[in-house]
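Asker: Structure in structure tokens, see below.
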Number of protein chains: 2
Amino acid sequence: MPTYKAPVEEVQFLLNDVFHMERYGNVPGFADASPDVVAAILEEAAKFTEEVLTPLNRSGDQEGCARQPDGCVITPKGFKQAYKQLVEGGWVGISVPAEYGGQGLPATMTMIVNEMLASSNMAFAMYPGLTQGAIAALLRHGSPEQKKTYLPKMTTGEWTGTMNLTEPHCGTDLGLLRTKATPQADGSYKITGTKIFISAGEHDLAENIIHLVLARIEGAPEGTKGISLFVVPKFFVNADGSLGSRNGVMCGSIEHKMGIHANSTCVMNYDGATGWLLGEPHHGLHAMFTMMNEARLAVGMQGLAVSEVAYQNAAIYARERLQGRSISGVKYPDKPADPIIVHPDIRRALMSVKSFNEAARALLLWTALKGDVSHRSADEKERQAADDHMGLLTPVIKGVLTDTGFANTVTAQQVFGGHGYIAENGMEQFVRDGRIAMIYEGANGIQALDLVGRKLGRDGGRAVTAFFKEVSTFVKEHSADDAMKPYVGPLGEALGQLQQATMWFAQNALKKPDNAGAGSTDYMHLFGLVALAYMWAQMAKAAQEKLKAGANGAEERMKAKLVTGKYFMERVLPESAAHLKRIQSGADTMMELPAEAF
Amino acid sequence: MPTYKAPVEEVQFLLNDVFHMERYGNVPGFADASPDVVAAILEEAAKFTEEVLTPLNRSGDQEGCARQPDGCVITPKGFKQAYKQLVEGGWVGISVPAEYGGQGLPATMTMIVNEMLASSNMAFAMYPGLTQGAIAALLRHGSPEQKKTYLPKMTTGEWTGTMNLTEPHCGTDLGLLRTKATPQADGSYKITGTKIFISAGEHDLAENIIHLVLARIEGAPEGTKGISLFVVPKFFVNADGSLGSRNGVMCGSIEHKMGIHANSTCVMNYDGATGWLLGEPHHGLHAMFTMMNEARLAVGMQGLAVSEVAYQNAAIYARERLQGRSISGVKYPDKPADPIIVHPDIRRALMSVKSFNEAARALLLWTALKGDVSHRSADEKERQAADDHMGLLTPVIKGVLTDTGFANTVTAQQVFGGHGYIAENGMEQFVRDGRIAMIYEGANGIQALDLVGRKLGRDGGRAVTAFFKEVSTFVKEHSADDAMKPYVGPLGEALGQLQQATMWFAQNALKKPDNAGAGSTDYMHLFGLVALAYMWAQMAKAAQEKLKAGANGAEERMKAKLVTGKYFMERVLPESAAHLKRIQSGADTMMELPAEAF
């Protein structure tokens, strides 16, 4: 049975030593996130996820969700009790404004807690995760009355939320959407249609479920410009806040999936269900995308979360499993064999995952902090710069952290040998669970297109120019520092390759847009490598400073940081050159074959 | 529900146009494999696998195997009938010598048929696959009486075989093995111990199961030099060939696994079971390894097989799924959207898998042909050269075809978007099934160590020197040919990197063996890329010659070959430089952290 230890010290190193959270003191909410408050939150979240959610992860996978003949869905044993604890702990609303019952803390804190939730039990974590997405959409686009009606109970977690986009014939291409909304005399709409892949669509954890649904108002234009967003509660809400009768939305069936069995992924049938417009008519896609962008960051986080828990269990196994002898000489002569962590190839596997995870967490936190600035800062210029960063990095984080995060679960499983293939050991569940993150909230190919086709060129390339400038400034500032050379040297080289790739698109993709599409996935990964290497350079700097100042009990951890960062530069980053070469090979060869030749 | 089309034309192109099978006419068995016979076998195998095994793949996964309270195991519905057809078709013994009832055809033919079996139904294919491995061990090491007793019924498939190596505390490190063999007065042994992960260990498909079991004779030396191999039939065989009473070996339980649910992976309890020595006492590991080497090639083939069927289904989906519009302009204005195969990033995914699979099949066939030569040729020098090739390429094929084959199933699944995560569409099963091939028959890290630690240096580097010479000769011979430049140019460059890596080991791994271990996995993949690129260069040459000669209806296929090979050179091969860089970074950084820092 897998175990989990929340990365509390890692997070504190990042917040305090790398990103200096105290510098954000003037951003609303940050004053409340004092070191004491942060420490208390981390400690409690660690306890809840390690002790309550971790033991439910495998049993939840085995049991799965069960739809009853009446359309109700029962979650696995223990989930209701754990969910009650989640609500009582106030974990759903820690970043929701106080006026709706939240704690108003930075969204960064939610990101940190959510990583722990997802590591310990990804399927469980999706119930509050979807709710937080729906809260964000209501906060941004809801009328005062809608906010008052729905937000307080969603903030506590007593009610949960969903996102309803996909239909059987349309996933990525929402322009093909068919779900219909018929205006009623009272200003409401009757919603009719079928939605698929609806996470947490129906379950027994909450009193009510607030569905956000994309539909086309009768007579609206075809394509993406005729789509509106509606709020459709499972139970109507009376004027006094009590629950009324059942709305016309039902779970038609549960999907049989590769993983995340404990999250009920539903086919939802809307049969003249009553809904109310959320935001402007025909602007539903825009409203949904403000929600999607945060959701994409959260999915990137899931990629890290599953990679992290898989890594932890592989490391434990590698320290305990006795098999073979070190080729550099027996290390434990008193034991029948050495633990497999003496073997370089096992270390290669572990170091690859470890050096990725630590940088990925840094990238997430850095971007989450920018997210808080972009939403809360009083300084418009600061807001804009932070928003640029978010827009640029969101597809990178979603795509790279889930692609590589999944690959890492496979690597961690491999450390177990045959035992990794056996369900009881839990490693294969991490692989099955982690796989979905590459797909949902926009498959990773779509993230890559978003990055190359939209984010690079937006506002004359303002965001990417700022990013390049920040990284190259850091490289220059530290290039004469011998201690920093092992980090900024490779970072500078990879940044140069990323700039070359960007230039190549500028020169070759305008005349022939297929050249952008052909290189998009490689570009996303090249960008990710540079961003992660930049995180390592910053972490190395912080570790060196901490060591110089007397690390106060953290010496070994700081030394390990420097080694792990060096590993990343030597062994993970070299992939950058291959990405550049592939990008520069263009689209011609891949587009040459007729469809029937495949 | 996934479909499958056996790659008959591909195989014929390889046998006839690339490897010129007719040149092997003087090797025993090849004369019988006339073009007509080969065509008939391919056609029949295609029919059986496409029509009988493919439809049982998903139902077999869903139902799985069921152990009864009495220890019997029931295979999924339809498996018994399909297995009967397999036996009636004589598929198990096509390469077994005629004196034991086989057809005596080249083992290459078995490899070709087995790919089709594994593509259509990997779990099913393992039953005859394990039997073929046990047949090989009996042929090589059995006494005349043992051969007479077991081989005829195993050749037909009426009896199946197993390999029993792993114990709970020992997988890779067989020196730790504890299963005990106590000599009896009649020359037999009583075998006692527990074996785990025994594929096809118990089932209802065959009348008898012949277990090959590693055990330690009482008083034998510790470690790997005290291990012997035993043959332990499930039912004793009477002198007249009829079945006698039940032996003391039972299935204790079935493992719950990530995939290959329809193959019964058993915990086998040997409780004073009667066994007979197979080969010399204390030389069991050697005997098992002659069997293992062929099994490793067969596992590499599984990597390709699953990659192939996953690719086929992804290609079909990409041609049919309508979603979005081509960025180079609408391609199907009469449809609500273009098929997703118009999008470059979808083509990137498909071409990556396609260009790998076609070269992987070539590499397998080339090596299988060498295997036939190594076993059957009358010329000792030819035998030795072929055996060198087999020894060198076996770990490469096992490791690279299963690592990349698995990654390819993930890529193919990704083409389906959310539908790839849903069990009914079958793509997630390919991922779960294909995963095991990276693990069993020696986890891929062990393959890499075998290559770097044993195969490179063996006989003064004779095998690797010959391989380098063959490839560089081909490059030189075609470097002035403009049509061949796109192939031999990149091949020559990658070969140079592989030679540099080999040199680096020679200079750095003798003093510090950890440097070999640290670079082994990258070296294996670098070697694989060069070998696959060499296959592409040969296929390109063959396709160009065929086109020049008038391809006789195969023009489009031959043109597609040239494009697909070019894609491999432009987009897959560039990884070689990253492998070299990682190898040259050595072991120091990864060995630096203390075990507790992980």
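Residues are named by chain letter and number: chains run A, B, ... in the order of the structure tokens, numbers start at 1 in each chain, and ligands are numbered from 1 in the order shown.
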Give me, as JSON, numbers by chain, the residues of chain A touching chain B, with the criterion being at most 6 Å (counting only C-alpha atoms).

Answerer: {"A": [173, 256, 257, 258, 315, 323, 324, 344, 345, 417, 421, 422, 423, 439, 517, 518, 571, 574, 575, 578, 582, 598]}

Asker: Write down as an MDAnalysis selection string the residues belonging to range 142-307 of chain B that are assigned strand (DSSP E) by DSSP computed on the backbone.

Answerer: chainID B and resid 159:164 180:183 189:199 208:217 227:233 235:237 243:246 249:254 265:277

Asker: Which neighbours of range 485-499 of chain A fall inside 7 Å, counting only C-alpha atoms, when residues of the same chain fewer than 3 positions from it are skipped, and could you give them as a PyMOL selection string?

Answerer: chain A and resi 472+475+478-479+481-482+502-503+526-527+530+533-534+537+566+569+576-577+580

Asker: Can you tell me, as a list in words, what residues are no more than 9 Å from Tyr189 in chain A when counting only C-alpha atoms, ignoring any on the same chain fewer than 4 positions away?

Answerer: Ala181, Thr182, Pro183, Gln184, Ala185, Ile217, Phe230, Gly272, Ala273, Thr274, Gly275, Trp276 and Leu277 of chain A

Asker: Show me, as an MDAnalysis selection string, the residues that have an atom within 7 Å of range 97-100 of chain A when counting only C-alpha atoms, minus same-chain residues fewer than 6 positions from it.

Answerer: chainID A and resid 151:152 155

Asker: Could you write out the selected residues, including C-alpha atoms, as an mmCIF file, in the first residue's frame?

Answerer:
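Listed below is the output, result.cif:
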data_model
loop_
_atom_site.group_PDB
_atom_site.id
_atom_site.type_symbol
_atom_site.label_atom_id
_atom_site.label_comp_id
_atom_site.auth_asym_id
_atom_site.auth_seq_id
_atom_site.Cartn_x
_atom_site.Cartn_y
_atom_site.Cartn_z
ATOM 1 C CA LEU A 151 -21.365 30.977 -3.516
ATOM 2 C CA PRO A 152 -21.715 30.629 0.258
ATOM 3 C CA THR A 155 -17.388 27.970 -0.551
#

Asker: I'd like the contact shell of Ala33 in chain B - 10 Å cut-off, only C-alpha atoms, skipping same-chain residues fewer than 3 positions apart - returned as a list in words.

Answerer: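 The residues satisfying every condition are Met21, Glu22, Gly25, Pro28, Gly29, Phe30, Asp36, Val37, Val38, Ala39, Ile41, Gly104, Leu105, Pro106 and Met109 of chain B.
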
Asker: At a cut-off of 9 Å, using only C-alpha atoms, what residues contact Lys195 in chain B? Leave out same-chain residues fewer than 2 positions from it and give the result as a list in words.

Answerer: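 My list of contacting residues is Asn164, Leu165, Thr166, Glu167, Pro168, Thr179, Gly193, Phe197, Ile198, Val213, Cys266, Val267, Met268, Asn269 and Tyr270 of chain B.
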
Asker: Would you mind exporting N, CA and C atoms of the selected residues as a tab-separated table (two decimals), in the first residue's frame?

Answerer:
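The file below, result-v7.tsv, is the result:
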chain	number	residue	atom	x	y	z
B	164	ASN	N	9.48	-20.87	-14.47
B	164	ASN	CA	9.34	-20.50	-13.05
B	164	ASN	C	10.67	-20.02	-12.49
B	165	LEU	N	10.84	-18.70	-12.45
B	165	LEU	CA	12.08	-18.14	-11.93
B	165	LEU	C	11.82	-17.38	-10.64
B	166	THR	N	10.97	-16.37	-10.72
B	166	THR	CA	10.85	-15.36	-9.68
B	166	THR	C	10.28	-15.92	-8.38
B	167	GLU	N	10.84	-15.43	-7.26
B	167	GLU	CA	10.29	-15.70	-5.94
B	167	GLU	C	10.03	-14.35	-5.27
B	168	PRO	N	9.23	-14.33	-4.21
B	168	PRO	CA	8.84	-13.02	-3.65
B	168	PRO	C	10.02	-12.10	-3.37
B	179	THR	N	13.89	-21.89	-3.52
B	179	THR	CA	13.16	-23.13	-3.80
B	179	THR	C	14.13	-24.31	-3.78
B	193	GLY	N	8.78	-24.97	-2.69
B	193	GLY	CA	9.00	-23.53	-2.67
B	193	GLY	C	7.84	-22.80	-3.32
B	197	PHE	N	4.54	-14.56	-10.12
B	197	PHE	CA	4.51	-13.96	-11.48
B	197	PHE	C	4.63	-15.04	-12.56
B	198	ILE	N	4.03	-16.20	-12.36
B	198	ILE	CA	4.16	-17.27	-13.35
B	198	ILE	C	3.06	-17.15	-14.40
B	213	VAL	N	11.33	-25.21	-13.82
B	213	VAL	CA	11.44	-24.59	-12.50
B	213	VAL	C	12.90	-24.49	-12.07
B	266	CYS	N	0.24	-16.49	-12.06
B	266	CYS	CA	-0.05	-17.26	-10.85
B	266	CYS	C	1.07	-17.20	-9.82
B	267	VAL	N	0.67	-17.30	-8.57
B	267	VAL	CA	1.57	-17.73	-7.52
B	267	VAL	C	1.53	-19.25	-7.55
B	268	MET	N	2.67	-19.90	-7.75
B	268	MET	CA	2.69	-21.36	-7.85
B	268	MET	C	3.36	-21.94	-6.60
B	269	ASN	N	2.64	-22.81	-5.95
B	269	ASN	CA	3.18	-23.47	-4.76
B	269	ASN	C	3.66	-24.87	-5.10
B	270	TYR	N	4.94	-25.11	-4.89
B	270	TYR	CA	5.53	-26.43	-5.10
B	270	TYR	C	5.68	-27.08	-3.73

Asker: Can you work out the spacing between CA of Gln500 in chain A and CA of Phe468 in chain A in Å, to one decimal?

Answerer: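 Going from CA of Gln500 in chain A over to CA of Phe468 in chain A covers 11.7 Å.
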
Asker: Could you tell me how far CA of Phe235 in chain B lies from CA of Ser188 in chain B, in Å and to one decimal?

Answerer: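 CA of Phe235 in chain B sits 15.1 Å away from CA of Ser188 in chain B.
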
Asker: Using only C-alpha atoms, what does the table of range 247-348 of chain A residues within 10 Å of range 54-67 of chain A look like, with each row giving the shortest atom pair and its distance in Å to one decimal, sorted by chain and ascending number, as a tab-separated table?

Answerer:
residue	atom	partner	partner_atom	distance
A:Cys251	CA	A:Arg67	CA	8.2
A:Gly252	CA	A:Arg67	CA	8.8
A:Ser253	CA	A:Arg67	CA	6.9
A:Ile254	CA	A:Arg67	CA	6.7
A:Glu255	CA	A:Cys65	CA	9.8
A:His256	CA	A:Gly64	CA	9.6
A:Gly259	CA	A:Asp61	CA	7.4
A:Ile260	CA	A:Asp61	CA	6.7
A:His261	CA	A:Gly64	CA	4.7
A:Ala262	CA	A:Gly64	CA	4.5
A:Asn263	CA	A:Cys65	CA	6.8
A:Ser264	CA	A:Cys65	CA	5.8
A:Thr265	CA	A:Cys65	CA	8.9
A:Cys266	CA	A:Arg67	CA	9.4

Asker: So, counting only C-alpha atoms, which residue among B:Val309, B:Ala463, B:Leu456, B:Ala437 is closest to Ala385 in chain B?

Answerer: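 The closest residue to Ala385 in chain B is B:Ala463.
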
Asker: Report, in Å with one decimal, the straight-line distance from CA of Ile210 in chain A to CA of Gly129 in chain A.

Answerer: 13.4 Å
